[in-house]
>>> print(open('run.cif').read())   # mmCIF, C-alpha atoms
data_input
#
loop_
_atom_site.label_atom_id
_atom_site.label_comp_id
_atom_site.auth_asym_id
_atom_site.auth_seq_id
_atom_site.Cartn_x
_atom_site.Cartn_y
_atom_site.Cartn_z
CA MET M 11 89.88 55.06 141.52
CA THR M 12 88.46 57.11 138.67
CA ASP M 13 90.14 60.42 137.99
CA VAL M 14 87.80 63.37 137.94
CA VAL M 15 88.69 66.26 135.67
CA HIS M 16 87.17 69.61 136.43
CA PRO M 17 85.29 70.94 133.36
CA GLY M 18 87.23 74.19 133.55
CA LEU M 19 90.49 72.30 133.05
CA LEU M 20 89.41 70.57 129.86
CA PRO M 21 91.01 71.93 126.68
CA ALA M 22 88.73 74.01 124.52
CA PRO M 23 87.43 72.16 121.46
CA PRO M 24 89.20 73.15 118.25
CA GLN M 25 87.59 75.98 116.31
CA ARG M 26 86.15 75.14 112.89
CA LEU M 27 87.20 77.19 109.88
CA LEU M 28 83.56 77.32 108.75
CA PRO M 29 81.52 77.33 111.96
CA THR M 30 78.20 78.54 110.57
CA VAL M 31 75.71 76.94 108.22
CA THR M 32 75.81 80.02 105.99
CA SER M 33 79.58 79.94 105.63
CA ARG M 34 79.53 76.24 104.75
CA ALA M 35 76.72 76.77 102.24
CA ALA M 36 78.65 79.62 100.61
CA ALA M 37 81.80 77.48 100.45
CA VAL M 38 79.90 74.62 98.79
CA ALA M 39 78.33 77.03 96.30
CA LEU M 40 81.78 78.46 95.56
CA ALA M 41 83.21 74.99 94.94
CA MET M 42 80.37 74.02 92.63
CA LEU M 43 80.51 77.28 90.69
CA THR M 44 84.29 77.02 90.38
CA VAL M 45 83.94 73.58 88.81
CA LEU M 46 81.30 74.93 86.41
CA HIS M 47 83.54 77.88 85.54
CA LEU M 48 86.55 75.64 84.88
CA VAL M 49 84.45 73.37 82.67
CA ALA M 50 83.32 76.46 80.75
CA GLN M 51 86.96 77.48 80.32
CA VAL M 52 87.88 74.09 78.88
CA ALA M 53 84.81 74.04 76.64
CA GLU M 54 85.52 77.64 75.54
CA ALA M 55 81.97 78.60 76.52
CA SER M 56 82.78 82.28 76.94
CA THR M 57 79.32 83.37 78.10
CA TRP M 58 79.18 80.79 80.88
CA ALA M 59 82.77 81.57 81.83
CA ARG M 60 81.99 85.29 82.21
CA VAL M 61 78.77 84.74 84.16
CA THR M 62 80.31 82.28 86.60
CA GLN M 63 83.47 84.34 87.09
CA VAL M 64 81.41 87.30 88.25
CA CYS M 65 80.07 85.22 91.16
CA LEU M 66 83.31 83.64 92.43
CA MET M 67 84.83 86.39 94.60
CA PRO M 68 81.47 87.48 96.11
CA LEU M 69 80.87 83.89 97.25
CA LEU M 70 84.36 83.72 98.74
CA ALA M 71 83.75 87.03 100.53
CA VAL M 72 80.43 85.73 101.90
CA THR M 73 82.22 82.60 103.13
CA LEU M 74 84.81 84.71 104.95
CA TRP M 75 82.28 87.13 106.42
CA CYS M 76 79.84 84.50 107.64
CA ALA M 77 82.61 82.37 109.14
CA THR M 78 83.83 85.14 111.45
CA PRO M 79 81.97 86.59 114.42
CA ALA M 80 81.21 90.26 114.91
CA PRO M 81 82.96 92.54 115.61
CA ARG M 82 85.24 91.37 112.82
CA SER M 83 88.96 91.92 113.08
CA ARG M 84 90.96 94.41 111.06
CA LEU M 85 92.46 91.46 109.17
CA VAL M 86 89.07 90.07 108.13
CA ARG M 87 87.72 93.48 107.10
CA LEU M 88 90.73 94.31 104.94
CA VAL M 89 90.73 90.88 103.29
CA ALA M 90 87.04 91.40 102.47
CA VAL M 91 88.03 94.70 100.83
CA ALA M 92 90.74 92.88 98.84
CA LEU M 93 88.18 90.36 97.61
CA GLY M 94 85.85 93.18 96.57
CA LEU M 95 88.63 94.85 94.59
CA SER M 96 89.50 91.50 93.03
CA TRP M 97 85.88 91.21 91.92
CA LEU M 98 86.18 94.61 90.23
CA GLY M 99 89.36 93.37 88.56
CA ASP M 100 87.37 90.40 87.26
CA THR M 101 84.43 92.41 85.97
CA ALA M 102 85.38 96.02 85.13
CA PRO M 103 87.74 95.25 82.19
CA ALA M 104 84.74 93.97 80.20
CA ALA M 105 83.76 97.61 79.63
CA PHE M 106 87.08 98.36 77.87
CA GLU M 107 89.15 96.99 75.02
CA GLY M 108 92.82 96.25 74.31
CA ASP M 109 95.49 97.82 76.49
CA ALA M 110 92.88 99.85 78.37
CA ALA M 111 91.13 96.69 79.55
CA PHE M 112 94.45 95.22 80.69
CA LEU M 113 95.38 98.39 82.59
CA VAL M 114 91.96 98.51 84.29
CA MET M 115 92.39 94.89 85.39
CA VAL M 116 95.91 95.57 86.66
CA GLY M 117 94.71 98.72 88.44
CA PHE M 118 92.00 96.99 90.44
CA PHE M 119 94.18 93.99 91.25
CA LEU M 120 96.96 96.38 92.29
CA LEU M 121 94.52 97.92 94.78
CA ALA M 122 93.55 94.41 95.91
CA GLN M 123 97.20 93.50 96.49
CA GLY M 124 97.63 96.74 98.41
CA ALA M 125 94.71 95.82 100.65
CA TYR M 126 96.26 92.41 101.28
CA VAL M 127 99.63 94.00 102.08
CA VAL M 128 98.04 96.36 104.61
CA ALA M 129 96.03 93.48 106.09
CA PHE M 130 99.07 91.22 106.51
CA TRP M 131 101.54 93.92 107.59
CA PRO M 132 101.08 93.43 111.38
CA THR M 133 102.38 89.84 111.10
CA ARG M 134 105.46 90.77 109.04
CA ARG M 135 107.91 89.70 111.77
CA ALA M 136 106.57 86.16 111.56
CA SER M 137 106.94 86.10 107.76
CA VAL M 138 109.95 85.17 105.63
CA VAL M 139 111.01 88.84 105.52
CA ARG M 140 113.66 88.18 108.18
CA ARG M 141 114.81 84.88 106.66
CA PRO M 142 116.91 85.71 103.59
CA ALA M 143 117.17 82.11 102.39
CA LEU M 144 113.36 81.83 102.22
CA LEU M 145 112.87 85.37 100.93
CA ALA M 146 115.30 84.97 98.03
CA PRO M 147 113.03 82.79 95.81
CA TYR M 148 110.29 85.43 95.95
CA VAL M 149 112.69 88.19 94.94
CA LEU M 150 114.23 86.09 92.17
CA ALA M 151 110.77 85.19 90.83
CA ALA M 152 109.78 88.87 90.69
CA VAL M 153 112.99 89.91 88.92
CA ALA M 154 112.77 87.02 86.44
CA LEU M 155 109.15 87.85 85.62
CA VAL M 156 109.87 91.53 84.97
CA VAL M 157 112.95 90.73 82.85
CA ALA M 158 110.96 88.21 80.80
CA CYS M 159 108.05 90.62 80.21
CA ALA M 160 110.09 93.78 79.58
CA PRO M 161 110.67 93.32 75.81
CA GLY M 162 106.96 92.87 75.14
CA ALA M 163 105.63 95.52 77.55
CA PRO M 164 106.96 98.94 76.55
CA GLY M 165 106.27 102.23 78.28
CA LEU M 166 103.24 102.46 80.54
CA LEU M 167 102.55 98.73 80.37
CA LEU M 168 106.04 97.89 81.65
CA ALA M 169 105.66 100.39 84.50
CA ALA M 170 102.34 98.77 85.42
CA VAL M 171 103.92 95.30 85.35
CA VAL M 172 106.81 96.40 87.59
CA VAL M 173 104.61 98.13 90.17
CA TYR M 174 102.11 95.29 90.21
CA GLY M 175 104.88 92.68 90.44
CA VAL M 176 106.38 94.39 93.49
CA CYS M 177 103.01 94.55 95.27
CA LEU M 178 102.15 90.97 94.32
CA VAL M 179 105.42 89.60 95.71
CA ALA M 180 105.06 91.75 98.84
CA MET M 181 101.61 90.22 99.41
CA ALA M 182 102.94 86.68 98.93
CA VAL M 183 105.84 87.32 101.31
CA LEU M 184 103.71 88.90 104.04
CA ALA M 185 101.08 86.15 103.74
CA THR M 186 103.63 83.70 105.15
CA GLY M 187 103.35 85.50 108.48
CA VAL M 188 99.60 84.99 108.76
CA HIS M 189 99.36 81.20 108.48
CA PRO M 190 100.93 78.45 106.32
CA LEU M 191 97.68 78.22 104.33
CA ALA M 192 97.86 81.92 103.54
CA GLY M 193 101.53 81.54 102.60
CA ALA M 194 100.61 78.79 100.14
CA GLY M 195 97.81 80.97 98.78
CA GLY M 196 100.22 83.82 98.13
CA VAL M 197 102.50 81.55 96.11
CA VAL M 198 99.62 80.11 94.07
CA PHE M 199 98.20 83.58 93.42
CA LEU M 200 101.66 84.72 92.29
CA ALA M 201 101.84 81.76 89.89
CA SER M 202 98.42 82.63 88.44
CA ASP M 203 99.38 86.22 87.70
CA ALA M 204 102.76 85.12 86.34
CA MET M 205 100.91 82.97 83.79
CA ILE M 206 98.82 85.96 82.73
CA ALA M 207 101.90 88.18 82.33
CA LEU M 208 103.90 85.56 80.43
CA GLY M 209 100.97 84.88 78.12
CA ALA M 210 100.35 88.58 77.47
CA PHE M 211 103.92 89.78 76.95
CA THR M 212 106.09 86.83 75.98
CA GLY M 213 103.97 84.14 74.35
CA TRP M 214 105.75 81.59 76.55
CA PHE M 215 102.55 80.51 78.26
CA ASP M 216 100.04 79.40 75.67
CA PRO M 217 98.87 75.85 76.49
CA PRO M 218 95.48 74.52 75.40
CA ALA M 219 92.73 76.01 77.61
CA SER M 220 95.17 78.43 79.25
CA GLY M 221 92.22 80.15 80.95
CA PHE M 222 91.59 76.93 82.87
CA TRP M 223 95.03 77.02 84.50
CA VAL M 224 94.92 80.75 85.17
CA MET M 225 91.50 80.57 86.83
CA LEU M 226 92.26 77.34 88.71
CA THR M 227 95.31 78.90 90.36
CA TYR M 228 93.53 82.25 90.84
CA VAL M 229 90.57 80.80 92.73
CA ALA M 230 92.77 78.33 94.63
CA GLY M 231 95.15 81.13 95.65
CA GLN M 232 92.36 83.40 96.87
CA ALA M 233 90.65 80.52 98.70
CA LEU M 234 93.91 79.54 100.44
CA LEU M 235 94.47 83.15 101.51
CA VAL M 236 90.99 83.23 103.03
CA ALA M 237 91.51 79.82 104.66
CA GLY M 238 94.72 81.11 106.22
CA VAL M 239 92.95 84.17 107.57
CA LEU M 240 90.17 82.00 109.02
CA ALA M 241 92.75 79.66 110.58
CA CYS M 242 94.55 82.65 112.10
CA SER M 243 91.24 83.95 113.46
CA CYS M 244 90.46 80.51 114.93
CA ASN M 245 93.82 80.43 116.68
CA GLN M 246 93.17 83.86 118.17
CA LEU M 247 89.69 82.88 119.36
CA SER M 248 90.91 79.65 120.95
CA GLY M 249 93.92 81.39 122.45
CA SER M 250 96.20 78.65 121.19
CA GLY M 251 98.24 80.78 118.82
CA THR M 252 100.69 79.50 116.23
CA GLY M 253 103.89 80.76 117.70
CA MET M 254 103.60 83.86 115.53
CA LYS M 255 103.88 87.22 117.24
CA PRO M 256 102.40 90.13 115.30
CA ALA M 257 104.66 93.14 114.91
CA ARG M 258 103.52 96.36 116.51
CA SER M 259 104.00 99.60 114.67
#
>>> encode(input="run.cif", output="structure tokens")
Amino acid sequence: MTDVVHPGLLPAPPQRLLPTVTSRAAAVALAMLTVLHLVAQVAEASTWARVTQVCLMPLLAVTLWCATPAPRSRLVRLVAVALGLSWLGDTAPAAFEGDAAFLVMVGFFLLAQGAYVVAFWPTRRASVVRRPALLAPYVLAAVALVVACAPGAPGLLLAAVVVYGVCLVAMAVLATGVHPLAGAGGVVFLASDAMIALGAFTGWFDPPASGFWVMLTYVAGQALLVAGVLACSCNQLSGSGTGMKPARS
């Protein structure tokens, strides 16, 4: 006798991270432009590197926006804001020179990290915040980075490094509560900014084509954060959940 399963009892098909044609097209364009940008970094083609970098975060934001249905969640909207601020951090320093350019970059990325922190805050109870053994490496990394950079970053620059470092680590920690992909993205993003700080203030990070490694980890970190947000949104839409319970203020 053949078993008959009522259609209403069938499990819902898994949600796709990129459910629309537009989101997939934007993701493909982002991947192709990232490869072109990284090649430009290796070849030291500064003009191509600048032009392609300007387009990276907008394409990632388009991917996020087109992959999520309206009305978009608070999480998606705030992450889109963070990507916009990251774009300003990529582009605005070109109008300045020296320390001023560095401070402008840090300022916009500080705002971007703040937007990420606010976006991820509701899931803090699912993050490593309440697991000291997992939280400790983040804290140690932040302290080690500040101690390493302190001799070469006097005055205002050191204050900027400390404030930014705290916000960056807070973002990486809170990202672990959103989705494992976002948690990985937070760590990779932290590594990218650590390379920038070590190169600027210590001289410890100065490999050939250092821009390649900085930009590779930067784009990968941002893309993983967005992938984690999309995966979280998919879980909410399907009702499956991940075992994570958002905290309520």
>>> closest_residue(input="run.cif", among="M:Leu240, M:Val229, M:Leu98, M:Ala210", to="M:Trp75", atoms="only C-alpha atoms")
M:Leu240
>>> residues_around(input="run.cif", residues="M:Gly187", least_positions_apart="5", cutoff="6 Å", atoms="only C-alpha atoms", output="list in words")
Thr133, Arg134, Ala136 and Ser137 of chain M
>>> closest_atom_pairs(input="run.cif", of="stretch 137-245 of chain M", to="stretch 102-115 of chain M", cutoff="12 Å", atoms="only C-alpha atoms", output="CSV")
residue,atom,partner,partner_atom,distance
M:Ala163,CA,M:Asp109,CA,10.5
M:Pro164,CA,M:Asp109,CA,11.5
M:Gly165,CA,M:Asp109,CA,11.8
M:Leu166,CA,M:Leu113,CA,9.1
M:Leu167,CA,M:Leu113,CA,7.5
M:Leu168,CA,M:Leu113,CA,10.7
M:Ala169,CA,M:Leu113,CA,10.6
M:Ala170,CA,M:Leu113,CA,7.5
M:Val171,CA,M:Leu113,CA,9.5
M:Val173,CA,M:Leu113,CA,11.9
M:Tyr174,CA,M:Leu113,CA,10.6
M:Asp203,CA,M:Met115,CA,11.4
M:Ile206,CA,M:Phe112,CA,10.4
M:Ala207,CA,M:Phe112,CA,10.4
M:Ala210,CA,M:Phe112,CA,9.4
M:Phe211,CA,M:Phe112,CA,11.5
>>> resolve_selection(input="run.cif", expression="the PyMOL selection byres ((chain M and resi 48) around 8)", output="count of residues only")
12
>>> resolve_selection(input="run.cif", expression="the PyMOL selection byres ((chain M and resi 83-87) around 12)", output="PyMOL selection string")
chain M and resi 71-82+88-94+125-133+185+188+235-244+246-247+256
>>> closest_residue(input="run.cif", among="M:Val224, M:Ala233, M:Leu43, M:Ala160", to="M:Val61", atoms="all atoms listed in the file")
M:Leu43
>>> atom_distance(input="run.cif", atom1="atom CA of M:Cys159", atom2="atom CA of M:Leu66")
28.5 Å
>>> closest_residue(input="run.cif", among="M:Trp97, M:Ala55, M:Gly193, M:Leu150", to="M:Gly221", atoms="only C-alpha atoms")
M:Ala55
>>> atom_distance(input="run.cif", atom1="atom CA of M:Phe118", atom2="atom CA of M:Met205")
17.9 Å
>>> atom_distance(input="run.cif", atom1="atom CA of M:Thr227", atom2="atom CA of M:Ala194")
11.1 Å
>>> resolve_selection(input="run.cif", expression="the PyMOL selection byres ((chain M and resi 199) around 7)", output="PyMOL selection string")
chain M and resi 195-198+200-203+227-228+231-232
>>> write_last_selection(input="run.cif", atoms="C-alpha atoms", output="CSV table (one decimal), in the frame of the given file")
chain,number,residue,atom,x,y,z
M,195,GLY,CA,97.8,81.0,98.8
M,196,GLY,CA,100.2,83.8,98.1
M,197,VAL,CA,102.5,81.6,96.1
M,198,VAL,CA,99.6,80.1,94.1
M,200,LEU,CA,101.7,84.7,92.3
M,201,ALA,CA,101.8,81.8,89.9
M,202,SER,CA,98.4,82.6,88.4
M,203,ASP,CA,99.4,86.2,87.7
M,227,THR,CA,95.3,78.9,90.4
M,228,TYR,CA,93.5,82.2,90.8
M,231,GLY,CA,95.2,81.1,95.6
M,232,GLN,CA,92.4,83.4,96.9
>>> closest_residue(input="run.cif", among="M:Leu70, M:Leu145, M:Val153, M:Leu28", to="M:Ala230", atoms="only C-alpha atoms")
M:Leu70
